[in-house]
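Q: My questions all concern the structure below.
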Amino acid sequence: MLRILLSDNDDSFTMNLAHLLHAATGSTPQVVNHTALAARAPAAEQDLVVISPGPGHPDEYPCYGPVLQSGRPVLGICLGMQIINCHFGGTVKALAGCVHGKSDTVVMTDADKTLTVGRYHSLHCATTGAELQVTGRTPRGLVMALRHNSLPLYGYQFHPESFLTAEGVWCIRHALRSLHIL
Amino acid sequence: MRCVLCISCDPRCIPPLLDFLARRHHADMLLSAPPARAESCADVCAGSPAPRQDVPLHPMHESEFMAGIEPVESLHITAATPREHMQRFCSNRHTPVIGYLSYTYGMEQYGIAAREHSFPAGLLRRYQCVVTGCTRTGRLRLLADRHADSGLVDSLCRLLQAGSPEPPRPHTPVTAAGPLRQSLTREEYQEGVRQTQRHIAAGDTYQLNLSIRFDLPLATPPDTTALFLHLWLNRPAPFYALLHDGPLTIVSTSPERYLRISRGTVLTQPIKGTLAFDTWQPQLVHTLTSSSKERAELSMIVDLLRNDISTRCRFGSVRVTDHCSTFVVDRLIQMYSNVHGILRPDSTPLDLLLDAFPGGSVTGCPKLRTMQIIDRLEPHCRDLYCGSIFCFNGPDHLDASVAIRTGWHDARTGVFSWFAGSGLVTDSVPENEYAETMAKARKFQEALCP
C-alpha cells in the first residue's frame, strides 16, 4: 500500500481526487488541509504527496517549499502544478479567455497518448521553471503537464479527477510511473 | 408511530384536505405533484398549447405527499447543536421528521460569520399525527404517535373518511403597505456580475451564485395557505413545502433535489442552466443543451456535487448519469444531472446532509472562497433561501430539497420575502443574468402583486 498524503488547498474537488487516487492505487489517501501541512510529519514518511487544486495564485500558498525540496515524490494538480512551477522560478499569469468546466484535448509527449480532459483554470504557466520539462500541451500550446528533470515531481494543469476527463486513472498511474512509484 | 387508517379517496379531495389541515392545525407539509396534473403539463407551460409528449417533466415527478400535524417535539438547530442530538432526534424508524436547515447554518460551518439575522439556523420536528398519501392514486394513511391525543386521532380519522367539509379558499393578491424592496437594483446586480468576473479572472472562483432578496411589506397578514395551494396547483414543482415556525410561515416551491438517500443509495440532482420562455417550443431544449456556457455551468456543479457526496460515499461508487438532461418548471427549461453514490457504512444520511451543506448549485465553486465572496457581494442575509427543506422517514431515508424559489411571511415585521439568483461564470452577460434572476422571481411576484 502506498502512503499518500493529499494536501487540500480549500478546494471543492479534493475528495474527487481522493477517490481517483484510491481507484488508481488501491490506497486510501490521508487528506490534510494545507494550513496543517507544516505541522504534519515530513514528506519522508510519505510515498507520495499530492497538492490539490484550489483558488487563487501559488504566491498565496508558501507552505510547500519544504515538501518540494525534500526529494520525495510530489504530484501537483492544477494549482498544485502551478505551485511546482513557481517554486522553480516559472511564472503563473492570468489566462486570456479562462476555461472552467469545459473539456479539451491534451497531447502527452512523454507517452503516446492524446487525452480528453476537464479544464478549470483562470491562470496558467506562462513560463516554465528551471529544470521543468513540459510533457503535455493543448493543441493551442498551453502547458497541461510537466515534470522535473531530476527530482520526482509531476504536475497536471487539467483535472484528472473531473468527470469530464475520460482516463483519470491512467493519468494518475502515468504520473506515478514517471515518479518511479508504480 | 402506528398506522391507524389506510383508505383511498378521490385525488381531487386532497387539496381541500390539505387546506383544512393547514388552517385548522397549522400542519407542515411536503408536496410533490398535485392531483390530476401529475400526468399533465399544460400548467407548467402556462397555457401554451404544447403537446404533452414534447415537454420534459421532472423525472422525479412523484406524487407522494406528507403532512405533519400538531408537533410533539421541535429541535431548533444552532451552529452549536451537537450532531448526536440531531441524530438521536431522527433515529426512530417509524417516526417521520420534517425540518429545514438555513443557508446561515452552512455559513457558520465554513467559518463565515452570518450578519445579524432573526431566522433560525434550522429545525427538526416530530408530530402527534402524520398524514401521507399519493395524489395520483388517492391513497391516504394516518399515522399516530403512541402519545397522540385520542380526540385528535378520532377527528382526523373522521376527516379523512368524510373528506374536507369546505372547498379551499381561493388565493387573492395581497395589499401592500409599502413599495417592494429589492436588495440589489438592476445596476447593482450587474455590477455584482462584473465584480464576480474579476474574481473569476483572478482564479478565486469558477462560478458564483448571486441572489437578490425581495421584501414586500403587507398591510394585513397574507393567507399563506391559499397562496401555497394556489402556487402548487398552478405552478407545480417537485418539492413544495409549507412550514410554520413561530412567526414565520415558509412557502417553498423548489424544483431542485439536494439529496435523496434510501438505505445507503445516494442521489443528488444539481440544476444549472436555465432558459426562460413565454411560448413553449420543443427546439428550445436543444438551444439550452447545446450552449457551451450553460453546459459548463452544470459540469462545474456536477464535479462539485461529486466531491461533496464523496466525503461520505464508498470509494468507486460515485458516478454521473443523464448529464445535461432537462425538465420544464415555472416557464423555465432547466438542465440537471444525476449524481449517484453509495453511503459508507460508517456514515448516516444526516452526516451527508450536514457535510455536503449548503448545496453546491447555490454557492458556486470552490465553495469556501466563493461563499466568502458571496457574503461580500450580497447586502442581504439569505436566511433559509439556498438552505434545505427535508424529511427523514426513519434514520435511513432522507429526501431534501434545495430551498430555492422560496419565500416566507414574518409576522414580527409584516413582510413577505422571497429570493432569486443566477449562477455566474466567466462568459456571463450581466444583463442576461439579471433577466434570468427576475424570471425566477416572477412566480412569487405575480402571485402576490400581479
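By convention in this document, the chains of the C-alpha cells carry letters A, B, ... by their order, each chain's residues are numbered from 1, and ligands are numbered from 1 in the order they are shown.
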With chain B as the partner and 6 Å as the cut-off, tabulate the residues of chain A that qualify, each row holding the nearest pair of atoms and their distance in Å to one decimal, using only C-alpha atoms, sorted by chain and rising number, as JSON lines.
A:
```
{"residue": "A:Asp11", "atom": "CA", "partner": "B:Pro366", "partner_atom": "CA", "distance": 5.4}
{"residue": "A:Ser12", "atom": "CA", "partner": "B:Pro366", "partner_atom": "CA", "distance": 4.8}
{"residue": "A:Phe13", "atom": "CA", "partner": "B:Asn307", "partner_atom": "CA", "distance": 5.4}
{"residue": "A:Met15", "atom": "CA", "partner": "B:Asn307", "partner_atom": "CA", "distance": 5.1}
{"residue": "A:Asn16", "atom": "CA", "partner": "B:Asn307", "partner_atom": "CA", "distance": 4.9}
{"residue": "A:His19", "atom": "CA", "partner": "B:Phe315", "partner_atom": "CA", "distance": 5.6}
{"residue": "A:Pro55", "atom": "CA", "partner": "B:Asp204", "partner_atom": "CA", "distance": 4.7}
{"residue": "A:Gly56", "atom": "CA", "partner": "B:Gly203", "partner_atom": "CA", "distance": 4.8}
{"residue": "A:Gly101", "atom": "CA", "partner": "B:Ala296", "partner_atom": "CA", "distance": 4.6}
{"residue": "A:Lys102", "atom": "CA", "partner": "B:Ala296", "partner_atom": "CA", "distance": 5.6}
{"residue": "A:Ser122", "atom": "CA", "partner": "B:Gly203", "partner_atom": "CA", "distance": 4.9}
```
Q: May I have the selected residues written with N, CA, C and O atoms, as a tab-separated table (two decimals), in the first residue's frame?
A:
```tsv
chain	number	residue	atom	x	y	z
A	11	ASP	N	-10.10	23.38	-1.50
A	11	ASP	CA	-10.73	23.20	-2.80
A	11	ASP	C	-12.00	22.38	-2.66
A	11	ASP	O	-12.25	21.76	-1.62
A	12	SER	N	-12.80	22.37	-3.70
A	12	SER	CA	-14.04	21.59	-3.69
A	12	SER	C	-13.96	20.40	-4.64
A	12	SER	O	-15.00	19.84	-4.99
A	13	PHE	N	-12.75	20.04	-5.06
A	13	PHE	CA	-12.60	18.82	-5.85
A	13	PHE	C	-11.67	17.82	-5.16
A	13	PHE	O	-11.33	16.78	-5.72
A	15	MET	N	-12.01	15.74	-2.67
A	15	MET	CA	-12.49	14.38	-2.43
A	15	MET	C	-12.65	13.60	-3.73
A	15	MET	O	-12.52	12.37	-3.75
A	16	ASN	N	-12.92	14.29	-4.84
A	16	ASN	CA	-12.89	13.60	-6.14
A	16	ASN	C	-11.50	13.04	-6.39
A	16	ASN	O	-11.33	11.93	-6.88
A	19	HIS	N	-10.83	9.98	-4.24
A	19	HIS	CA	-11.46	8.78	-4.81
A	19	HIS	C	-10.68	8.29	-6.03
A	19	HIS	O	-10.51	7.08	-6.22
A	55	PRO	N	-8.25	27.70	-5.11
A	55	PRO	CA	-8.42	29.06	-5.63
A	55	PRO	C	-7.14	29.88	-5.51
A	55	PRO	O	-6.27	29.57	-4.70
A	56	GLY	N	-7.07	30.92	-6.34
A	56	GLY	CA	-6.01	31.91	-6.18
A	56	GLY	C	-4.72	31.55	-6.89
A	56	GLY	O	-4.66	30.68	-7.76
A	101	GLY	N	-14.84	24.12	-16.42
A	101	GLY	CA	-15.91	23.15	-16.64
A	101	GLY	C	-16.08	22.77	-18.10
A	101	GLY	O	-17.16	22.36	-18.51
A	102	LYS	N	-15.01	22.89	-18.87
A	102	LYS	CA	-15.09	22.52	-20.28
A	102	LYS	C	-14.02	21.46	-20.58
A	102	LYS	O	-12.96	21.44	-19.93
A	122	SER	N	-8.10	29.76	-14.36
A	122	SER	CA	-8.05	31.16	-14.77
A	122	SER	C	-6.62	31.60	-15.03
A	122	SER	O	-6.39	32.58	-15.72
```
Q: Which polymer residues have any atom within 7 Å of an atom of stretch 24-33 of chain B, counting only C-alpha atoms, with same-chain residues fewer than 6 positions away left out, as a list in words?
A: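 So, after excluding close chain neighbours, the residues are His61, Glu62, Ser63, Glu64, Phe65, Met66, Ala67, Gly68, Ile69, Glu70, Pro236, Ala237, Pro238, Phe239, Tyr240, Ala241, Leu242, Leu243 and His244 of chain B.
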Q: Which is closer to B:Asp375 than all the others in B:Phe416, B:Phe357, B:Tyr110, B:Phe20, using only C-alpha atoms?
A: B:Tyr110
Q: Would you mind listing what lies within 7 Å of stretch 63-75 of chain A as a VMD selection string, with only C-alpha atoms counted and same-chain residues fewer than 6 positions away left out?
A: chain A and resid 38 43 to 44 47 to 51 151 to 155 179
Q: Store the residues picked out above, limited to C-alpha atoms, as a compact mmCIF listing (two decimals), in the first residue's frame.
A:
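Everything below was put into out-v7.txt:
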```txt
# COMPACT_ATOMS: atom_id res chain seq x y z
CA ALA A 38 3.75 22.19 8.06
CA ALA A 43 7.39 14.13 3.48
CA ALA A 44 9.90 11.36 4.23
CA ASP A 47 5.44 7.66 -0.56
CA LEU A 48 3.64 10.49 -2.32
CA VAL A 49 2.40 13.98 -1.52
CA VAL A 50 -0.40 15.25 -3.75
CA ILE A 51 -1.05 19.01 -3.90
CA LEU A 151 13.50 15.40 -8.91
CA PRO A 152 10.37 13.20 -8.61
CA LEU A 153 7.87 15.98 -9.31
CA TYR A 154 4.96 15.77 -11.74
CA GLY A 155 2.07 18.13 -12.46
CA LEU A 179 7.79 9.29 -10.35
```
Q: Env of A:Gln157: 9 Å cut, atoms = only C-alpha atoms, seq-sep filter 5 positions within chain, self excluded. Answer as a PyMOL selection string.
A: chain A and resi 53+76-82+119-121+124-125+143-146
Q: May I ask which of the residues B:Phe392, B:Phe228, B:Tyr336, B:Trp408 is the closest one to B:Phe89, counting only C-alpha atoms?
A: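 For B:Phe89, the nearest of the candidates is B:Phe392.
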Q: Given only C-alpha atoms as the basis, pick out the residue of B:Pro71, B:Gly273, B:Pro430, B:Gly178 nearest to B:His147.
A: B:Pro71
Q: As a PyMOL selection string, please: every residue in stretch 80-180 of chain A that a backbone DSSP assignment puts in helix (DSSP H, G or I).
A: chain A and resi 80-87+168-178
Q: Save the residues we just selected, N, CA, C and O atoms, as a PDB file, in the first residue's frame?
A:
```
ATOM      1  N   GLY A  80      -1.761  22.969  -7.874  1.00  0.00           N
ATOM      2  CA  GLY A  80      -0.608  22.184  -7.412  1.00  0.00           C
ATOM      3  C   GLY A  80       0.527  22.185  -8.418  1.00  0.00           C
ATOM      4  O   GLY A  80       1.705  22.311  -8.051  1.00  0.00           O
ATOM      5  N   MET A  81       0.192  22.067  -9.699  1.00  0.00           N
ATOM      6  CA  MET A  81       1.234  22.137 -10.731  1.00  0.00           C
ATOM      7  C   MET A  81       1.816  23.545 -10.803  1.00  0.00           C
ATOM      8  O   MET A  81       3.036  23.730 -10.961  1.00  0.00           O
ATOM      9  N   GLN A  82       0.953  24.544 -10.682  1.00  0.00           N
ATOM     10  CA  GLN A  82       1.437  25.937 -10.735  1.00  0.00           C
ATOM     11  C   GLN A  82       2.366  26.223  -9.562  1.00  0.00           C
ATOM     12  O   GLN A  82       3.335  26.993  -9.687  1.00  0.00           O
ATOM     13  N   ILE A  83       2.079  25.613  -8.404  1.00  0.00           N
ATOM     14  CA  ILE A  83       2.945  25.795  -7.226  1.00  0.00           C
ATOM     15  C   ILE A  83       4.329  25.207  -7.518  1.00  0.00           C
ATOM     16  O   ILE A  83       5.364  25.834  -7.207  1.00  0.00           O
ATOM     17  N   ILE A  84       4.380  24.024  -8.126  1.00  0.00           N
ATOM     18  CA  ILE A  84       5.675  23.439  -8.507  1.00  0.00           C
ATOM     19  C   ILE A  84       6.398  24.375  -9.464  1.00  0.00           C
ATOM     20  O   ILE A  84       7.587  24.676  -9.313  1.00  0.00           O
ATOM     21  N   ASN A  85       5.674  24.876 -10.441  1.00  0.00           N
ATOM     22  CA  ASN A  85       6.286  25.742 -11.455  1.00  0.00           C
ATOM     23  C   ASN A  85       6.879  27.003 -10.830  1.00  0.00           C
ATOM     24  O   ASN A  85       8.025  27.380 -11.118  1.00  0.00           O
ATOM     25  N   CYS A  86       6.119  27.648  -9.963  1.00  0.00           N
ATOM     26  CA  CYS A  86       6.605  28.890  -9.341  1.00  0.00           C
ATOM     27  C   CYS A  86       7.805  28.607  -8.437  1.00  0.00           C
ATOM     28  O   CYS A  86       8.732  29.428  -8.349  1.00  0.00           O
ATOM     29  N   HIS A  87       7.780  27.454  -7.759  1.00  0.00           N
ATOM     30  CA  HIS A  87       8.875  27.122  -6.851  1.00  0.00           C
ATOM     31  C   HIS A  87      10.206  27.069  -7.597  1.00  0.00           C
ATOM     32  O   HIS A  87      11.254  27.428  -7.041  1.00  0.00           O
ATOM     33  N   GLY A 168      -8.985   9.261 -16.155  1.00  0.00           N
ATOM     34  CA  GLY A 168      -8.369   9.796 -14.946  1.00  0.00           C
ATOM     35  C   GLY A 168      -7.414   8.814 -14.287  1.00  0.00           C
ATOM     36  O   GLY A 168      -6.326   9.201 -13.829  1.00  0.00           O
ATOM     37  N   VAL A 169      -7.803   7.547 -14.239  1.00  0.00           N
ATOM     38  CA  VAL A 169      -6.934   6.541 -13.597  1.00  0.00           C
ATOM     39  C   VAL A 169      -5.615   6.424 -14.366  1.00  0.00           C
ATOM     40  O   VAL A 169      -4.545   6.370 -13.767  1.00  0.00           O
ATOM     41  N   TRP A 170      -5.712   6.437 -15.693  1.00  0.00           N
ATOM     42  CA  TRP A 170      -4.475   6.381 -16.490  1.00  0.00           C
ATOM     43  C   TRP A 170      -3.568   7.567 -16.131  1.00  0.00           C
ATOM     44  O   TRP A 170      -2.343   7.404 -15.982  1.00  0.00           O
ATOM     45  N   CYS A 171      -4.157   8.755 -16.000  1.00  0.00           N
ATOM     46  CA  CYS A 171      -3.358   9.960 -15.715  1.00  0.00           C
ATOM     47  C   CYS A 171      -2.580   9.795 -14.406  1.00  0.00           C
ATOM     48  O   CYS A 171      -1.397  10.145 -14.331  1.00  0.00           O
ATOM     49  N   ILE A 172      -3.260   9.302 -13.372  1.00  0.00           N
ATOM     50  CA  ILE A 172      -2.578   9.126 -12.086  1.00  0.00           C
ATOM     51  C   ILE A 172      -1.482   8.066 -12.216  1.00  0.00           C
ATOM     52  O   ILE A 172      -0.336   8.273 -11.788  1.00  0.00           O
ATOM     53  N   ARG A 173      -1.804   6.961 -12.845  1.00  0.00           N
ATOM     54  CA  ARG A 173      -0.818   5.879 -12.953  1.00  0.00           C
ATOM     55  C   ARG A 173       0.372   6.306 -13.815  1.00  0.00           C
ATOM     56  O   ARG A 173       1.514   5.954 -13.528  1.00  0.00           O
ATOM     57  N   HIS A 174       0.092   7.072 -14.835  1.00  0.00           N
ATOM     58  CA  HIS A 174       1.180   7.587 -15.682  1.00  0.00           C
ATOM     59  C   HIS A 174       2.121   8.471 -14.859  1.00  0.00           C
ATOM     60  O   HIS A 174       3.350   8.340 -14.937  1.00  0.00           O
ATOM     61  N   ALA A 175       1.524   9.361 -14.052  1.00  0.00           N
ATOM     62  CA  ALA A 175       2.361  10.238 -13.219  1.00  0.00           C
ATOM     63  C   ALA A 175       3.160   9.409 -12.223  1.00  0.00           C
ATOM     64  O   ALA A 175       4.361   9.670 -12.004  1.00  0.00           O
ATOM     65  N   LEU A 176       2.545   8.394 -11.624  1.00  0.00           N
ATOM     66  CA  LEU A 176       3.256   7.587 -10.618  1.00  0.00           C
ATOM     67  C   LEU A 176       4.377   6.768 -11.255  1.00  0.00           C
ATOM     68  O   LEU A 176       5.425   6.570 -10.640  1.00  0.00           O
ATOM     69  N   ARG A 177       4.137   6.325 -12.492  1.00  0.00           N
ATOM     70  CA  ARG A 177       5.235   5.628 -13.201  1.00  0.00           C
ATOM     71  C   ARG A 177       6.384   6.588 -13.440  1.00  0.00           C
ATOM     72  O   ARG A 177       7.556   6.247 -13.252  1.00  0.00           O
ATOM     73  N   SER A 178       6.039   7.813 -13.824  1.00  0.00           N
ATOM     74  CA  SER A 178       7.077   8.817 -14.073  1.00  0.00           C
ATOM     75  C   SER A 178       7.843   9.138 -12.785  1.00  0.00           C
ATOM     76  O   SER A 178       9.032   9.455 -12.824  1.00  0.00           O
TER      77      SER A 178
END
```
Q: Name the residues of stretch 53-132 of chain A that fall into strand (DSSP E or B) according to DSSP on the backbone, using the chain letters and numbers of this document, as number ranges by chain.
A: A: 74-77, 91-108, 113-127, 132
Q: For the residues selected in the previous step, produce a file with N, CA and C atoms as a CSV table (one decimal), in the first residue's frame.
A:
```csv
chain,number,residue,atom,x,y,z
A,74,VAL,N,6.2,14.1,-5.5
A,74,VAL,CA,5.1,15.1,-5.4
A,74,VAL,C,4.3,15.1,-6.7
A,75,LEU,N,3.0,15.1,-6.6
A,75,LEU,CA,2.1,15.2,-7.8
A,75,LEU,C,1.3,16.5,-7.5
A,76,GLY,N,1.3,17.4,-8.4
A,76,GLY,CA,0.5,18.7,-8.3
A,76,GLY,C,-0.6,18.7,-9.3
A,77,ILE,N,-1.8,19.0,-8.9
A,77,ILE,CA,-2.9,19.1,-9.8
A,77,ILE,C,-3.4,20.6,-9.9
A,91,THR,N,6.7,31.3,-14.1
A,91,THR,CA,5.7,32.3,-13.8
A,91,THR,C,4.3,31.8,-14.1
A,92,VAL,N,3.3,32.2,-13.3
A,92,VAL,CA,1.9,31.9,-13.4
A,92,VAL,C,1.1,33.1,-13.6
A,93,LYS,N,0.4,33.3,-14.7
A,93,LYS,CA,-0.3,34.5,-15.0
A,93,LYS,C,-1.7,34.2,-15.5
A,94,ALA,N,-2.5,35.3,-15.5
A,94,ALA,CA,-3.9,35.2,-16.0
A,94,ALA,C,-3.9,34.7,-17.4
A,95,LEU,N,-4.9,33.8,-17.6
A,95,LEU,CA,-5.1,33.3,-19.0
A,95,LEU,C,-6.2,34.0,-19.6
A,96,ALA,N,-5.9,34.7,-20.8
A,96,ALA,CA,-7.0,35.4,-21.5
A,96,ALA,C,-8.0,34.3,-22.0
A,97,GLY,N,-9.2,34.5,-21.7
A,97,GLY,CA,-10.3,33.6,-22.0
A,97,GLY,C,-10.2,32.3,-21.1
A,98,CYS,N,-10.3,32.5,-19.8
A,98,CYS,CA,-10.1,31.4,-18.9
A,98,CYS,C,-11.2,30.3,-19.1
A,99,VAL,N,-10.9,29.1,-18.7
A,99,VAL,CA,-11.7,28.0,-19.0
A,99,VAL,C,-12.1,27.2,-17.8
A,100,HIS,N,-13.4,27.1,-17.6
A,100,HIS,CA,-13.9,26.3,-16.4
A,100,HIS,C,-15.0,25.4,-16.8
A,101,GLY,N,-14.8,24.1,-16.4
A,101,GLY,CA,-15.9,23.2,-16.6
A,101,GLY,C,-16.1,22.8,-18.1
A,102,LYS,N,-15.0,22.9,-18.9
A,102,LYS,CA,-15.1,22.5,-20.3
A,102,LYS,C,-14.0,21.5,-20.6
A,103,SER,N,-14.3,20.6,-21.6
A,103,SER,CA,-13.3,19.6,-21.9
A,103,SER,C,-12.5,20.1,-23.1
A,104,ASP,N,-11.3,19.5,-23.1
A,104,ASP,CA,-10.3,19.9,-24.2
A,104,ASP,C,-9.4,18.6,-24.5
A,105,THR,N,-8.6,18.8,-25.4
A,105,THR,CA,-7.7,17.7,-25.8
A,105,THR,C,-6.3,18.0,-25.3
A,106,VAL,N,-5.6,17.0,-24.8
A,106,VAL,CA,-4.2,17.2,-24.4
A,106,VAL,C,-3.3,16.1,-25.1
A,107,VAL,N,-2.3,16.6,-25.7
A,107,VAL,CA,-1.3,15.6,-26.3
A,107,VAL,C,-0.2,15.5,-25.3
A,108,MET,N,0.0,14.2,-24.9
A,108,MET,CA,1.1,13.9,-23.9
A,108,MET,C,2.3,13.6,-24.8
A,113,LYS,N,-0.1,9.3,-26.3
A,113,LYS,CA,-1.4,9.4,-25.8
A,113,LYS,C,-2.0,10.8,-26.1
A,114,THR,N,-3.2,10.8,-26.5
A,114,THR,CA,-4.0,12.0,-26.6
A,114,THR,C,-5.2,11.9,-25.7
A,115,LEU,N,-5.3,12.8,-24.7
A,115,LEU,CA,-6.3,12.7,-23.7
A,115,LEU,C,-7.5,13.7,-23.9
A,116,THR,N,-8.7,13.3,-23.5
A,116,THR,CA,-9.8,14.2,-23.3
A,116,THR,C,-9.9,14.6,-21.9
A,117,VAL,N,-9.8,15.9,-21.5
A,117,VAL,CA,-9.6,16.2,-20.1
A,117,VAL,C,-10.6,17.4,-19.8
A,118,GLY,N,-10.9,17.5,-18.5
A,118,GLY,CA,-11.7,18.6,-18.0
A,118,GLY,C,-10.7,19.7,-17.5
A,119,ARG,N,-11.0,20.9,-17.9
A,119,ARG,CA,-10.2,22.1,-17.6
A,119,ARG,C,-10.9,23.0,-16.6
A,120,TYR,N,-10.2,23.5,-15.6
A,120,TYR,CA,-10.7,24.5,-14.7
A,120,TYR,C,-9.5,25.4,-14.4
A,121,HIS,N,-9.3,26.5,-15.1
A,121,HIS,CA,-8.3,27.4,-14.6
A,121,HIS,C,-8.4,28.8,-15.2
A,122,SER,N,-8.1,29.8,-14.4
A,122,SER,CA,-8.1,31.2,-14.8
A,122,SER,C,-6.6,31.6,-15.0
A,123,LEU,N,-5.7,30.9,-14.4
A,123,LEU,CA,-4.3,31.2,-14.5
A,123,LEU,C,-3.6,30.0,-15.2
A,124,HIS,N,-2.4,30.3,-15.8
A,124,HIS,CA,-1.6,29.3,-16.4
A,124,HIS,C,-0.1,29.5,-16.3
A,125,CYS,N,0.6,28.5,-16.6
A,125,CYS,CA,2.1,28.6,-16.6
A,125,CYS,C,2.6,29.4,-17.8
A,126,ALA,N,2.9,30.7,-17.6
A,126,ALA,CA,3.3,31.5,-18.7
A,126,ALA,C,4.7,31.2,-19.2
A,127,THR,N,5.6,31.0,-18.2
A,127,THR,CA,6.9,30.5,-18.4
A,127,THR,C,7.2,29.3,-17.4
A,132,LEU,N,12.3,22.2,-15.4
A,132,LEU,CA,11.0,21.6,-15.6
A,132,LEU,C,10.8,21.4,-17.1
```
Q: For atom CA of B:Glu256 and atom CA of B:Ala403, quote the distance in Å rounded to one decimal.
A: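 Calculated distance between atom CA of B:Glu256 and atom CA of B:Ala403 is 7.9 Å.
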Q: Skip stretch 117-129 of chain B itself and residues of its chain fewer than 5 positions away, then list as a PyMOL selection string all residues within 7 Å of it, counting only C-alpha atoms.
A: chain B and resi 68-78+96-102+104-105+142-145+148+383
Q: Which one is closest to B:Val153: B:Cys6, B:Met438, B:Ala411, B:Val130? Count only C-alpha atoms.
A: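 Using only C-alpha atoms, B:Val153 sits closest to B:Val130.
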Q: Just to confirm, what's the straight-line distance from atom CA of B:Thr137 to atom CA of B:Pro34 in Å (one decimal)?
A: 11.4 Å
Q: With only C-alpha atoms as the basis for distance, which of B:Leu398, B:Cys9, B:Ala36, B:Leu377 is at the shortest distance from B:Arg141?
A: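 Closest residue, counting only C-alpha atoms: B:Cys9.
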Q: Please identify all polymer residues within 12 Å of B:Gln161, counting only C-alpha atoms, omitting same-chain residues fewer than 6 positions from it, and present them as a PyMOL selection string.
A: chain B and resi 5-10+13-14+17+138-142+154-155
Q: Output the selection as an mmCIF file, in the first residue's frame - C-alpha atoms for each residue.
A:
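Once written, out_23.cif looks like this:
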```
data_model
loop_
_atom_site.group_PDB
_atom_site.id
_atom_site.type_symbol
_atom_site.label_atom_id
_atom_site.label_comp_id
_atom_site.auth_asym_id
_atom_site.auth_seq_id
_atom_site.Cartn_x
_atom_site.Cartn_y
_atom_site.Cartn_z
ATOM 1 C CA LEU B 5 -56.122 4.379 8.976
ATOM 2 C CA CYS B 6 -55.405 3.451 5.360
ATOM 3 C CA ILE B 7 -58.048 4.363 2.780
ATOM 4 C CA SER B 8 -58.451 5.513 -0.804
ATOM 5 C CA CYS B 9 -60.125 8.751 -1.780
ATOM 6 C CA ASP B 10 -60.814 10.707 -4.950
ATOM 7 C CA CYS B 13 -60.331 15.677 -2.385
ATOM 8 C CA ILE B 14 -56.669 16.094 -1.439
ATOM 9 C CA LEU B 17 -57.931 18.194 2.864
ATOM 10 C CA GLY B 138 -55.787 8.883 -3.757
ATOM 11 C CA ARG B 139 -54.317 6.565 -1.160
ATOM 12 C CA LEU B 140 -54.282 8.139 2.320
ATOM 13 C CA ARG B 141 -52.657 6.892 5.526
ATOM 14 C CA LEU B 142 -52.920 8.335 9.002
ATOM 15 C CA ASP B 154 -60.503 10.409 16.059
ATOM 16 C CA SER B 155 -61.240 13.737 14.386
#
```
